[in-house]
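Just work.cif here, mmCIF, C-alpha atoms:
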```cif
data_final
#
loop_
_atom_site.label_atom_id
_atom_site.label_comp_id
_atom_site.auth_asym_id
_atom_site.auth_seq_id
_atom_site.Cartn_x
_atom_site.Cartn_y
_atom_site.Cartn_z
CA MET A 246 1.87 -1.12 4.64
CA LEU A 247 0.69 -4.51 5.57
CA CYS A 248 -1.16 -5.66 2.51
CA LEU A 249 -2.18 -9.27 3.31
CA THR A 250 0.66 -9.79 5.78
CA HIS A 251 -1.47 -10.90 8.72
CA LEU A 252 -3.73 -13.31 6.90
CA PHE A 253 -1.00 -15.10 5.03
CA ARG A 254 1.23 -15.82 7.96
CA LYS A 255 1.78 -19.44 8.22
CA PRO A 256 -0.34 -21.70 10.94
CA ALA A 257 -9.70 18.21 4.48
CA SER A 258 -9.29 21.78 4.48
CA LEU A 259 -12.93 22.30 5.49
CA LEU A 260 -12.69 19.56 8.03
CA LEU A 261 -10.00 20.88 10.33
CA GLY A 262 -12.59 22.25 12.71
CA VAL A 263 -13.94 18.77 13.41
CA VAL A 264 -13.34 17.74 17.00
CA SER A 265 -11.15 14.64 17.23
CA LEU A 266 -11.92 11.79 19.58
CA GLY A 267 -8.57 10.19 18.84
CA ILE A 268 -6.72 10.85 22.09
CA SER A 269 -7.36 7.82 24.22
CA SER A 270 -8.15 7.90 27.88
CA LEU A 271 -5.33 5.47 28.58
CA SER A 272 -2.75 7.90 27.19
CA MET A 273 -4.20 10.84 29.11
CA ALA A 274 -4.02 8.77 32.27
CA GLN A 275 -0.29 8.38 31.66
CA GLY A 276 0.19 12.15 31.53
CA PHE A 277 1.09 12.73 27.88
CA THR A 278 -0.76 13.76 24.78
CA GLU A 279 -0.45 11.31 21.93
CA ASN A 280 0.68 12.23 18.48
CA CYS A 281 1.47 9.92 15.59
CA VAL A 282 5.17 9.85 16.51
CA ASN A 283 5.35 9.56 20.30
CA ILE A 284 2.73 6.81 20.36
CA ASN A 285 5.42 4.54 18.89
CA SER A 286 7.54 4.95 22.02
CA GLN A 287 4.80 3.89 24.48
CA GLN A 288 5.56 0.19 24.32
CA GLU A 289 4.78 -0.30 28.01
CA LEU A 290 1.17 0.43 27.05
CA ILE A 291 1.00 -2.04 24.18
CA GLU A 292 -1.19 -4.54 26.04
CA GLN A 293 -3.61 -1.73 26.96
CA TYR A 294 -3.73 -0.56 23.34
CA ILE A 295 -4.55 -4.11 22.27
CA GLU A 296 -7.19 -4.62 24.97
CA GLN A 297 -8.91 -1.23 24.87
CA ALA A 298 -8.62 -0.89 21.07
CA PRO A 299 -8.99 2.90 20.93
CA TYR A 300 -8.23 2.92 17.19
CA ARG A 301 -9.67 -0.42 16.07
CA GLN A 302 -13.31 0.63 15.81
CA ALA A 303 -14.49 3.33 13.42
CA LEU A 304 -16.62 6.15 14.81
CA PRO A 305 -20.35 6.12 13.98
CA SER A 306 -21.25 8.66 11.32
CA LYS A 307 -23.86 9.60 8.76
CA THR A 308 -21.34 10.35 6.04
CA ALA A 309 -22.85 10.34 2.57
CA THR A 310 -21.75 7.67 0.12
CA PHE A 311 -20.02 8.35 -3.18
CA SER A 312 -21.58 7.10 -6.41
CA TYR A 313 -18.30 6.53 -8.31
CA SER A 314 -20.08 7.81 -11.40
CA GLN A 315 -17.92 9.17 -14.21
CA ASP A 316 -19.98 12.35 -14.00
CA GLN A 317 -18.37 13.03 -10.61
CA SER A 318 -15.15 15.04 -10.78
CA TYR A 319 -12.04 13.76 -9.08
CA GLN A 320 -12.09 16.75 -6.76
CA ALA A 321 -15.59 15.76 -5.65
CA TYR A 322 -14.22 12.31 -4.86
CA LEU A 323 -11.29 13.75 -2.89
CA ASP A 324 -13.64 15.94 -0.85
CA TYR A 325 -15.83 12.94 -0.08
CA ALA A 326 -12.91 10.76 1.01
CA GLN A 327 -11.42 13.41 3.26
CA ASN A 328 -14.79 13.97 4.91
CA LEU A 329 -15.19 10.21 5.42
CA ILE A 330 -11.83 10.00 7.22
CA ALA A 331 -12.61 13.02 9.38
CA GLN A 332 -15.95 11.53 10.41
CA ARG A 333 -14.94 7.91 11.03
CA ASN A 334 -11.26 7.80 11.93
CA PRO A 335 -10.91 8.13 15.74
CA ARG A 336 -7.60 9.96 15.41
CA ALA A 337 -8.22 11.94 12.25
CA MET A 338 -7.30 15.21 13.97
CA MET A 339 -4.36 13.81 15.91
CA SER A 340 -1.23 15.91 15.44
CA CYS A 341 1.39 14.24 13.26
CA PRO A 342 4.77 16.01 13.29
CA LEU A 343 5.92 14.36 10.06
CA SER A 344 6.38 16.04 6.73
CA SER A 345 7.07 14.94 3.19
CA GLN A 346 7.63 16.94 0.04
CA SER A 347 4.22 15.81 -1.21
CA TYR A 348 2.63 17.05 2.01
CA GLN A 349 4.46 20.40 1.79
CA LEU A 350 3.14 20.94 -1.74
CA LEU A 351 -0.39 19.98 -0.67
CA ALA A 352 -0.21 22.27 2.37
CA LYS A 353 0.78 25.15 0.12
CA GLN A 354 -1.95 24.41 -2.40
CA GLN A 355 -4.63 23.84 0.27
CA GLN A 356 -3.40 26.62 2.58
CA TRP A 357 -3.08 24.26 5.52
CA LEU A 358 -1.58 25.89 8.59
CA GLY A 359 0.11 24.45 11.67
CA MET A 360 1.29 20.93 12.37
CA PRO A 361 0.05 18.19 10.01
CA LYS A 362 -2.98 16.17 11.07
CA VAL A 363 -3.45 12.46 10.42
CA VAL A 364 -6.33 13.13 8.02
CA GLN A 365 -4.10 15.37 5.90
CA LEU A 366 -1.42 12.69 5.61
CA ILE A 367 -3.56 9.64 4.87
CA ALA A 368 -6.32 11.11 2.69
CA PRO A 369 -6.19 10.57 -1.09
CA PHE A 370 -4.62 13.54 -2.83
CA GLU A 371 -3.78 15.11 -6.15
CA LEU A 372 -0.53 16.88 -7.08
CA SER A 373 -1.18 18.97 -10.16
CA HIS A 374 0.55 21.32 -12.57
CA THR A 375 -1.18 23.94 -14.70
CA ASP A 376 -2.71 22.70 -17.96
CA ASN A 377 -1.11 19.26 -17.88
CA SER A 378 -1.99 16.38 -20.22
CA LYS A 379 -0.26 13.49 -18.46
CA ALA A 380 -0.86 11.84 -15.10
CA VAL A 381 0.01 8.91 -12.84
CA LEU A 382 -2.71 7.21 -10.80
CA LEU A 383 -1.53 5.27 -7.72
CA ILE A 384 -3.61 2.67 -5.83
CA HIS A 385 -2.52 1.40 -2.41
CA GLY A 386 -2.62 -2.07 -0.88
CA LEU A 387 -4.69 -3.89 1.71
CA THR A 388 -4.78 -2.15 5.13
CA ASP A 389 -2.72 0.76 3.73
CA SER A 390 -3.47 4.38 2.90
CA PRO A 391 -2.37 6.92 0.27
CA TYR A 392 0.40 8.05 2.64
CA HIS A 393 2.40 5.11 1.29
CA PHE A 394 2.70 6.94 -2.05
CA HIS A 395 4.01 10.27 -0.74
CA ASP A 396 7.55 9.42 -1.89
CA LEU A 397 6.73 8.09 -5.36
CA ALA A 398 4.13 10.80 -5.95
CA TRP A 399 6.74 13.49 -5.43
CA HIS A 400 9.07 11.79 -7.91
CA PHE A 401 6.40 11.58 -10.59
CA TYR A 402 5.38 15.18 -9.95
CA GLN A 403 8.98 16.30 -10.46
CA GLN A 404 9.01 14.40 -13.74
CA GLY A 405 6.16 16.59 -14.96
CA TYR A 406 3.19 14.33 -14.24
CA ASP A 407 0.08 15.17 -12.31
CA VAL A 408 -0.41 12.53 -9.61
CA ARG A 409 -3.65 11.12 -8.22
CA THR A 410 -4.12 8.62 -5.43
CA LEU A 411 -7.14 6.57 -4.40
CA LEU A 412 -8.49 5.46 -1.01
CA LEU A 413 -9.99 1.97 -1.21
CA PRO A 414 -13.33 1.49 0.60
CA GLY A 415 -12.88 0.34 4.17
CA HIS A 416 -9.51 2.07 4.49
CA GLY A 417 -8.32 5.29 6.11
CA THR A 418 -10.75 5.04 9.02
CA ALA A 419 -10.32 2.04 11.36
CA PRO A 420 -9.82 -1.73 10.91
CA SER A 421 -13.46 -2.45 11.75
CA ASP A 422 -14.44 -0.95 8.40
CA LEU A 423 -12.82 -3.95 6.69
CA VAL A 424 -15.14 -6.40 8.45
CA ASN A 425 -17.96 -6.07 5.91
CA VAL A 426 -16.25 -4.61 2.85
CA THR A 427 -16.18 -6.56 -0.44
CA TYR A 428 -13.58 -6.64 -3.19
CA LYS A 429 -16.30 -5.54 -5.61
CA GLN A 430 -16.41 -2.24 -3.72
CA TRP A 431 -12.64 -1.90 -4.11
CA GLN A 432 -12.97 -2.69 -7.81
CA GLN A 433 -15.74 -0.14 -8.26
CA ALA A 434 -13.54 2.57 -6.74
CA ALA A 435 -10.53 1.53 -8.81
CA ASP A 436 -12.61 1.45 -12.01
CA TYR A 437 -13.86 4.97 -11.30
CA ALA A 438 -10.38 6.33 -10.64
CA ILE A 439 -8.90 4.70 -13.75
CA GLU A 440 -11.71 5.74 -16.08
CA ARG A 441 -11.98 9.28 -14.68
CA THR A 442 -8.23 9.81 -14.99
CA ALA A 443 -8.16 8.38 -18.52
CA LYS A 444 -10.97 10.82 -19.34
CA ASP A 445 -9.15 13.81 -17.85
CA TYR A 446 -5.69 13.19 -19.37
CA GLN A 447 -4.22 12.20 -22.72
CA GLN A 448 -1.43 10.08 -21.24
CA VAL A 449 -1.91 7.98 -18.11
CA TYR A 450 0.31 5.59 -16.18
CA LEU A 451 -1.27 3.32 -13.56
CA GLY A 452 0.61 2.20 -10.47
CA GLY A 453 -0.51 -0.31 -7.85
CA PHE A 454 1.04 -1.75 -4.72
CA SER A 455 0.00 -5.32 -3.84
CA THR A 456 -3.84 -5.34 -3.82
CA GLY A 457 -3.81 -2.12 -5.81
CA GLY A 458 -1.93 -3.93 -8.56
CA ALA A 459 -4.50 -6.72 -8.71
CA LEU A 460 -7.31 -4.18 -9.02
CA ILE A 461 -5.56 -2.49 -11.95
CA LEU A 462 -4.92 -5.75 -13.79
CA ASN A 463 -8.47 -6.94 -13.20
CA HIS A 464 -9.78 -3.67 -14.65
CA LEU A 465 -7.65 -4.07 -17.79
CA LEU A 466 -8.68 -7.71 -18.19
CA GLU A 467 -12.38 -6.92 -17.87
CA GLN A 468 -12.31 -3.80 -20.04
CA PRO A 469 -9.45 -4.37 -22.50
CA ASP A 470 -10.70 -2.27 -25.43
CA ASN A 471 -11.25 1.11 -23.84
CA LYS A 472 -7.80 2.28 -22.73
CA PRO A 473 -6.11 4.41 -25.44
CA ALA A 474 -4.83 6.90 -22.85
CA ILE A 475 -3.09 4.26 -20.69
CA LYS A 476 0.57 4.06 -21.65
CA GLY A 477 1.90 1.70 -18.99
CA VAL A 478 1.29 -0.09 -15.69
CA MET A 479 3.67 -0.23 -12.72
CA LEU A 480 3.21 -2.96 -10.10
CA TRP A 481 5.04 -3.15 -6.79
CA SER A 482 4.81 -6.50 -4.94
CA PRO A 483 1.59 -7.20 -6.90
CA ALA A 484 -1.08 -9.41 -5.34
CA SER A 485 -0.98 -12.49 -7.57
CA GLN A 486 -1.34 -15.40 -5.15
CA ALA A 487 -0.86 -15.66 -1.40
CA SER A 488 2.38 -17.23 -0.23
CA SER A 489 0.39 -19.33 2.26
CA GLY A 490 -1.51 -22.35 1.01
CA VAL A 491 -4.33 -21.83 3.52
CA ALA A 492 -5.41 -18.34 2.40
CA TRP A 493 -8.55 -19.78 0.79
CA MET A 494 -9.85 -20.72 4.25
CA ALA A 495 -10.29 -17.07 5.28
CA LYS A 496 -13.72 -16.87 3.67
CA TYR A 497 -15.06 -19.72 5.76
CA VAL A 498 -13.33 -18.73 8.99
CA SER A 499 -14.77 -15.22 8.66
CA TRP A 500 -18.25 -16.72 9.13
CA LEU A 501 -17.20 -17.92 12.58
CA SER A 502 -14.78 -15.27 13.81
CA THR A 503 -14.16 -11.59 13.08
CA TRP A 504 -10.48 -11.01 13.83
CA LEU A 505 -7.43 -12.91 12.75
CA ASP A 506 -5.19 -10.46 14.63
CA LYS A 507 -5.91 -7.80 17.21
CA GLU A 508 -2.99 -5.39 17.54
CA GLY A 509 -2.36 -2.01 19.10
CA ASP A 510 -3.00 -0.08 15.86
CA ILE A 511 -0.34 2.47 16.70
CA ASP A 512 0.58 3.04 13.04
CA PHE A 513 -1.41 6.05 11.81
CA ALA A 514 -0.93 5.21 8.12
CA LYS A 515 -2.05 1.58 7.99
CA TYR A 516 -4.13 -0.89 9.96
CA GLU A 517 -2.42 -3.41 12.21
CA SER A 518 -5.49 -5.32 13.43
CA PHE A 519 -6.73 -7.59 10.66
CA PRO A 520 -10.20 -9.10 10.13
CA TYR A 521 -10.59 -12.43 8.36
CA ASN A 522 -12.93 -10.83 5.85
CA ALA A 523 -10.16 -8.61 4.49
CA GLY A 524 -8.11 -11.67 3.60
CA ALA A 525 -11.13 -13.45 2.16
CA GLN A 526 -11.87 -10.52 -0.12
CA VAL A 527 -8.37 -10.13 -1.50
CA HIS A 528 -8.20 -13.88 -2.06
CA GLY A 529 -11.41 -13.61 -4.08
CA LEU A 530 -9.97 -10.71 -6.07
CA MET A 531 -6.78 -12.60 -6.94
CA LYS A 532 -8.75 -15.70 -7.90
CA ARG A 533 -10.96 -13.63 -10.21
CA MET A 534 -7.97 -11.91 -11.80
CA ASN A 535 -6.07 -15.14 -12.41
CA LYS A 536 -9.09 -16.83 -13.97
CA ARG A 537 -9.56 -13.95 -16.39
CA LEU A 538 -5.88 -13.90 -17.24
CA ALA A 539 -5.86 -17.64 -17.96
CA LYS A 540 -8.93 -17.39 -20.21
CA ALA A 541 -7.77 -14.34 -22.17
CA ASP A 542 -6.61 -15.03 -25.72
CA THR A 543 -4.95 -11.65 -26.14
CA LEU A 544 -4.18 -8.88 -23.70
CA PRO A 545 -4.16 -5.08 -23.91
CA ASP A 546 -1.12 -3.66 -25.64
CA ILE A 547 0.05 -2.02 -22.43
CA PRO A 548 3.53 -2.69 -21.01
CA LEU A 549 4.12 -3.75 -17.40
CA LEU A 550 6.87 -2.81 -14.98
CA VAL A 551 6.96 -5.27 -12.07
CA VAL A 552 9.03 -4.73 -8.92
CA ALA A 553 9.25 -7.93 -6.87
CA SER A 554 11.34 -9.65 -4.21
CA GLU A 555 12.28 -13.32 -4.38
CA HIS A 556 11.80 -13.58 -0.61
CA ASP A 557 8.35 -11.95 -0.35
CA GLN A 558 6.54 -13.66 2.56
CA THR A 559 3.10 -12.27 1.77
CA ILE A 560 2.72 -12.91 -1.96
CA SER A 561 4.04 -15.88 -3.94
CA THR A 562 6.86 -14.50 -6.07
CA ALA A 563 6.65 -17.57 -8.32
CA ALA A 564 3.02 -16.69 -9.04
CA THR A 565 3.99 -13.08 -9.79
CA LEU A 566 6.65 -14.22 -12.27
CA GLU A 567 4.12 -16.57 -13.87
CA LEU A 568 1.67 -13.67 -14.17
CA LEU A 569 4.28 -11.54 -15.92
CA GLY A 570 5.10 -14.44 -18.22
CA GLN A 571 1.45 -14.90 -19.18
CA TRP A 572 1.06 -11.17 -19.83
CA GLN A 573 4.15 -11.26 -22.04
CA SER A 574 3.14 -14.37 -23.99
CA LYS A 575 -0.41 -13.22 -24.69
CA GLN A 576 0.44 -9.73 -25.92
CA THR A 577 0.60 -9.28 -29.68
CA GLY A 578 1.58 -5.62 -30.05
CA ALA A 579 4.73 -3.59 -29.67
CA ALA A 580 4.23 -3.09 -25.93
CA LYS A 581 5.52 -6.57 -25.09
CA SER A 582 9.05 -5.43 -25.89
CA ALA A 583 8.81 -2.88 -23.06
CA ASN A 584 7.80 -5.26 -20.27
CA HIS A 585 10.27 -4.84 -17.43
CA LEU A 586 11.09 -6.68 -14.19
CA VAL A 587 13.06 -5.20 -11.29
CA TYR A 588 13.96 -8.23 -9.19
CA TYR A 589 15.43 -8.41 -5.72
CA GLY A 590 16.72 -11.96 -5.82
CA GLU A 591 18.86 -14.45 -7.69
CA GLN A 592 18.72 -14.91 -11.44
CA SER A 593 18.53 -18.67 -10.92
CA SER A 594 15.03 -18.27 -9.45
CA ILE A 595 13.69 -16.68 -12.66
CA PRO A 596 11.97 -19.06 -15.13
CA GLU A 597 14.15 -19.60 -18.19
CA ALA A 598 11.46 -18.45 -20.61
CA LEU A 599 11.02 -15.15 -18.74
CA ASN A 600 14.79 -14.58 -18.73
CA SER A 601 14.82 -14.59 -22.51
CA GLN A 602 11.66 -12.52 -23.07
CA VAL A 603 11.56 -9.67 -20.53
CA MET A 604 14.07 -6.97 -19.61
CA ILE A 605 15.22 -7.89 -16.09
CA GLU A 606 17.30 -5.86 -13.65
CA PHE A 607 18.99 -7.27 -10.57
CA PRO A 608 19.93 -4.22 -8.45
CA SER A 609 23.07 -4.44 -6.35
CA CYS A 610 23.84 -2.84 -3.00
CA THR A 611 26.06 0.22 -3.08
CA THR A 612 25.99 1.17 0.62
CA ALA A 613 26.82 -0.59 3.90
CA SER A 614 23.29 -0.08 5.24
CA CYS A 615 21.84 -1.74 2.14
CA SER A 616 24.23 -4.69 2.46
CA ALA A 617 23.10 -5.23 6.05
CA VAL A 618 19.47 -5.79 5.00
CA LYS A 619 18.32 -9.41 5.18
CA ASP A 620 16.25 -9.62 1.96
CA VAL A 621 13.71 -7.12 0.63
CA ALA A 622 10.30 -7.52 2.28
CA HIS A 623 6.88 -7.37 0.67
CA THR A 624 6.25 -4.23 2.70
CA ALA A 625 9.37 -2.42 1.46
CA THR A 626 9.25 -1.74 -2.26
CA ILE A 627 7.55 1.67 -2.48
CA ASN A 628 8.98 3.73 0.40
CA ALA A 629 12.19 5.75 0.22
CA PRO A 630 14.92 5.27 2.84
CA SER A 631 14.37 8.96 3.71
CA ASN A 632 10.68 8.44 4.57
CA PRO A 633 10.24 9.99 8.05
CA HIS A 634 7.80 7.29 9.17
CA TYR A 635 8.84 4.07 7.40
CA GLY A 636 12.37 4.94 6.29
CA GLU A 637 15.81 3.93 7.49
CA ASN A 638 15.60 6.29 10.46
CA GLY A 639 11.81 6.38 10.63
CA HIS A 640 9.78 6.37 13.82
CA TYR A 641 7.78 3.22 13.04
CA ARG A 642 9.07 -0.33 13.31
CA ASN A 643 7.20 -3.29 11.86
CA CYS A 644 7.43 -6.01 14.52
CA SER A 645 4.01 -7.64 14.14
CA HIS A 646 5.52 -11.08 13.57
CA TYR A 647 6.54 -11.10 17.26
CA LEU A 648 3.14 -10.19 18.68
CA ALA A 649 2.66 -13.62 20.28
CA ASP A 650 5.93 -13.11 22.14
CA LEU A 651 5.60 -9.75 23.89
CA PRO A 652 9.22 -9.54 25.19
CA SER A 653 10.56 -10.15 21.66
CA TYR A 654 8.03 -7.67 20.29
CA GLN A 655 9.23 -5.00 22.71
CA GLN A 656 12.89 -5.77 21.97
CA CYS A 657 12.20 -5.40 18.25
CA LYS A 658 10.47 -2.08 18.90
CA GLN A 659 12.98 -0.64 21.36
CA SER A 660 16.42 -2.13 20.74
CA LYS A 661 19.06 0.32 19.50
CA SER A 662 20.56 -2.32 17.23
CA VAL A 663 17.97 -3.99 15.02
CA VAL A 664 18.55 -5.92 11.82
CA LYS A 665 16.03 -5.26 9.04
CA GLY A 666 14.76 -7.61 6.38
CA GLU A 667 11.99 -9.98 5.34
CA LYS A 668 10.51 -12.34 7.93
CA THR A 669 11.62 -15.60 6.32
CA GLU A 670 12.03 -18.62 8.56
CA HIS A 671 15.78 -18.48 8.00
CA ASN A 672 16.05 -14.80 8.89
CA LEU A 673 13.91 -15.16 12.01
CA ALA A 674 16.03 -18.09 13.17
CA GLN A 675 19.32 -16.34 12.51
CA THR A 676 18.41 -12.79 13.52
CA PRO A 677 16.90 -12.05 16.96
CA HIS A 678 14.42 -9.18 17.00
CA LEU A 679 14.34 -8.80 13.22
CA GLN A 680 12.47 -5.69 12.09
CA ARG A 681 10.43 -6.26 8.94
CA LEU A 682 11.81 -3.93 6.29
CA SER A 683 9.50 -1.04 5.43
CA TYR A 684 11.61 0.92 2.92
CA ASN A 685 13.42 0.08 -0.31
CA PRO A 686 17.23 0.16 0.05
CA TYR A 687 17.44 0.16 -3.76
CA TYR A 688 15.02 3.08 -4.09
CA GLN A 689 17.17 5.38 -6.25
CA GLN A 690 18.04 2.54 -8.62
CA MET A 691 14.35 1.71 -8.87
CA LEU A 692 13.53 5.32 -9.77
CA ARG A 693 16.00 5.13 -12.66
CA SER A 694 14.34 1.91 -13.85
CA ILE A 695 10.93 3.61 -13.68
CA GLU A 696 12.19 6.58 -15.69
CA GLN A 697 13.57 4.24 -18.35
CA PHE A 698 10.27 2.34 -18.50
CA MET A 699 8.20 5.51 -18.83
CA GLN A 700 10.37 6.83 -21.63
#
```
Output the file's structure as structure tokens, nothing else.
Amino acid sequence: MLCLTHLFRKPASLLLGVVSLGISSLSMAQGFTENCVNINSQQELIEQYIEQAPYRQALPSKTATFSYSQDQSYQAYLDYAQNLIAQRNPRAMMSCPLSSQSYQLLAKQQQWLGMPKVVQLIAPFELSHTDNSKAVLLIHGLTDSPYHFHDLAWHFYQQGYDVRTLLLPGHGTAPSDLVNVTYKQWQQAADYAIERTAKDYQQVYLGGFSTGGALILNHLLEQPDNKPAIKGVMLWSPASQASSGVAWMAKYVSWLSTWLDKEGDIDFAKYESFPYNAGAQVHGLMKRMNKRLAKADTLPDIPLLVVASEHDQTISTAATLELLGQWQSKQTGAAKSANHLVYYGEQSSIPEALNSQVMIEFPSCTTASCSAVKDVAHTATINAPSNPHYGENGHYRNCSHYLADLPSYQQCKQSKSVVKGEKTEHNLAQTPHLQRLSYNPYYQQMLRSIEQFMQ
């Protein structure tokens, strides 16, 4: 669930017969067969994973492109995306002994048998009822995949909504597919998904995590008069402005070098290796969005729910609060009274004008495990503590901030006692082997806020 993290550091039902090339020779040489869970325990091989890069390069393929025309059904898009992953992801058919309620519903609907495969967990999906008129569309962040919405999708489905997710171009395959992608391709895909969903349903809510949020806002800013079906927008850790002041340099550095970070890429659901171009493109997207927002005289009469952390080390929280303030001040309709902020931080860090204009919630910890968390991370807002991969007892640990110090990296990955939180300078200095938080300890409170907003 990286979403800009690396760059802005400071300094298939028809496809299950496809043969996977995802099991690396280095793992076979060690006498075990990789799956998406046990690969996380092979820390002694981390340097080999980084060097040999079995999952960094996408497989060559002749997969057809998708036109993103409104004449194309959403099912046609889902079929295309699943086929793309199966063709280009080197571990698409790797076994993945993880299950979520969203996956269980999909498996029943698609008649999937046996242990889940990576392609089934990371492909874009649709949870649907019979003859429904309302839907939620969810768009993931940079380096992520639709797996990151399995928890929220199930909640919305239980509330009676159909749920659609989108796979952004360059994602779901391997990090190398981000080397030449452009944010205009992401925007084209997002525009298609938004317009197609607004065409198929009478009531639509849009939800975006990080880069996904910027794509949604940019769509509404560029096409403000054609959204009668859209009833609200939900943004988690939205990409407003990078927390680092040197993010603008990524465009120029990408002309000279391909990779900012080369990692082991052991996380099946998101990329860990990070090309400069990916950062350059999201920087361009945010710049375009902010320019349009500043120039707009009035904004669509669509309310926003923003979930943000004061201590976000990827995105500037001050810029996010400014964005919400601009949206509030430039709206003229009734929707401005419904704008809502869920804030993991201190009230003193909220601009005074925003305090008086927007409904703001400051969730409080109600459990010991929540109280032990050292600030909510950028990467944490959308996953439930029960998530089997990213949750409180999940198999994956986000320790990328220690990659330059391999012993600390391995301690973070393997220690039985690890403190979780955001990778602020203070927390890193005070907490050895800090694990970057990848789930929301306030998740249930957030769901209640979402329900209130959607009512």
Nearest-residue call for Thr626 (chain A), choices A:Ala309, A:Ala553, A:Leu505, A:Leu586, using only C-alpha atoms: A:Ala553
What would the selection look like, as a ChimeraX atom specification, if the PyMOL selection byres ((chain A and resi 393-401) around 8) were run on the coordinates I just shared? /A:246,345-348,372,381,383,385,389-392,402-408,410,514,627-629,632
For the residues selected in the previous step, produce a file with C-alpha atoms as an mmCIF file, in the coordinates of the input.
```
data_model
loop_
_atom_site.group_PDB
_atom_site.id
_atom_site.type_symbol
_atom_site.label_atom_id
_atom_site.label_comp_id
_atom_site.auth_asym_id
_atom_site.auth_seq_id
_atom_site.Cartn_x
_atom_site.Cartn_y
_atom_site.Cartn_z
ATOM 1 C CA MET A 246 1.870 -1.120 4.640
ATOM 2 C CA SER A 345 7.070 14.940 3.190
ATOM 3 C CA GLN A 346 7.630 16.940 0.040
ATOM 4 C CA SER A 347 4.220 15.810 -1.210
ATOM 5 C CA TYR A 348 2.630 17.050 2.010
ATOM 6 C CA LEU A 372 -0.530 16.880 -7.080
ATOM 7 C CA VAL A 381 0.010 8.910 -12.840
ATOM 8 C CA LEU A 383 -1.530 5.270 -7.720
ATOM 9 C CA HIS A 385 -2.520 1.400 -2.410
ATOM 10 C CA ASP A 389 -2.720 0.760 3.730
ATOM 11 C CA SER A 390 -3.470 4.380 2.900
ATOM 12 C CA PRO A 391 -2.370 6.920 0.270
ATOM 13 C CA TYR A 392 0.400 8.050 2.640
ATOM 14 C CA TYR A 402 5.380 15.180 -9.950
ATOM 15 C CA GLN A 403 8.980 16.300 -10.460
ATOM 16 C CA GLN A 404 9.010 14.400 -13.740
ATOM 17 C CA GLY A 405 6.160 16.590 -14.960
ATOM 18 C CA TYR A 406 3.190 14.330 -14.240
ATOM 19 C CA ASP A 407 0.080 15.170 -12.310
ATOM 20 C CA VAL A 408 -0.410 12.530 -9.610
ATOM 21 C CA THR A 410 -4.120 8.620 -5.430
ATOM 22 C CA ALA A 514 -0.930 5.210 8.120
ATOM 23 C CA ILE A 627 7.550 1.670 -2.480
ATOM 24 C CA ASN A 628 8.980 3.730 0.400
ATOM 25 C CA ALA A 629 12.190 5.750 0.220
ATOM 26 C CA ASN A 632 10.680 8.440 4.570
#
```
Quick one: residues within 9 Å of region 563-565 of chain A, all atoms listed in the file counted, chain neighbours fewer than 4 positions away excluded, as a VMD selection string? chain A and resid 482 to 488 551 553 555 569 to 570 594 to 596
Neighbours of Pro677 (chain A) within 12 Å (all atoms listed in the file; same-chain residues fewer than 2 positions away dropped), as JSON, numbers by chain? {"A": [644, 646, 647, 652, 653, 654, 655, 656, 657, 660, 662, 663, 664, 665, 666, 668, 670, 671, 672, 673, 674, 675, 679, 680, 681]}
List the residues selected by the PyMOL selection byres ((chain A and resi 535) around 12) in the file shown, writing them as a PDB file with C-alpha atoms, in the coordinates of the input.
```pdb
ATOM      1  CA  ALA A 459      -4.500  -6.720  -8.710  1.00  0.00           C
ATOM      2  CA  LEU A 460      -7.310  -4.180  -9.020  1.00  0.00           C
ATOM      3  CA  LEU A 462      -4.920  -5.750 -13.790  1.00  0.00           C
ATOM      4  CA  ASN A 463      -8.470  -6.940 -13.200  1.00  0.00           C
ATOM      5  CA  LEU A 466      -8.680  -7.710 -18.190  1.00  0.00           C
ATOM      6  CA  GLU A 467     -12.380  -6.920 -17.870  1.00  0.00           C
ATOM      7  CA  ALA A 484      -1.080  -9.410  -5.340  1.00  0.00           C
ATOM      8  CA  SER A 485      -0.980 -12.490  -7.570  1.00  0.00           C
ATOM      9  CA  GLN A 486      -1.340 -15.400  -5.150  1.00  0.00           C
ATOM     10  CA  HIS A 528      -8.200 -13.880  -2.060  1.00  0.00           C
ATOM     11  CA  GLY A 529     -11.410 -13.610  -4.080  1.00  0.00           C
ATOM     12  CA  LEU A 530      -9.970 -10.710  -6.070  1.00  0.00           C
ATOM     13  CA  MET A 531      -6.780 -12.600  -6.940  1.00  0.00           C
ATOM     14  CA  LYS A 532      -8.750 -15.700  -7.900  1.00  0.00           C
ATOM     15  CA  ARG A 533     -10.960 -13.630 -10.210  1.00  0.00           C
ATOM     16  CA  MET A 534      -7.970 -11.910 -11.800  1.00  0.00           C
ATOM     17  CA  LYS A 536      -9.090 -16.830 -13.970  1.00  0.00           C
ATOM     18  CA  ARG A 537      -9.560 -13.950 -16.390  1.00  0.00           C
ATOM     19  CA  LEU A 538      -5.880 -13.900 -17.240  1.00  0.00           C
ATOM     20  CA  ALA A 539      -5.860 -17.640 -17.960  1.00  0.00           C
ATOM     21  CA  LYS A 540      -8.930 -17.390 -20.210  1.00  0.00           C
ATOM     22  CA  ALA A 541      -7.770 -14.340 -22.170  1.00  0.00           C
ATOM     23  CA  ALA A 564       3.020 -16.690  -9.040  1.00  0.00           C
ATOM     24  CA  THR A 565       3.990 -13.080  -9.790  1.00  0.00           C
ATOM     25  CA  GLU A 567       4.120 -16.570 -13.870  1.00  0.00           C
ATOM     26  CA  LEU A 568       1.670 -13.670 -14.170  1.00  0.00           C
ATOM     27  CA  LEU A 569       4.280 -11.540 -15.920  1.00  0.00           C
ATOM     28  CA  GLN A 571       1.450 -14.900 -19.180  1.00  0.00           C
ATOM     29  CA  TRP A 572       1.060 -11.170 -19.830  1.00  0.00           C
TER      30      TRP A 572
END
```
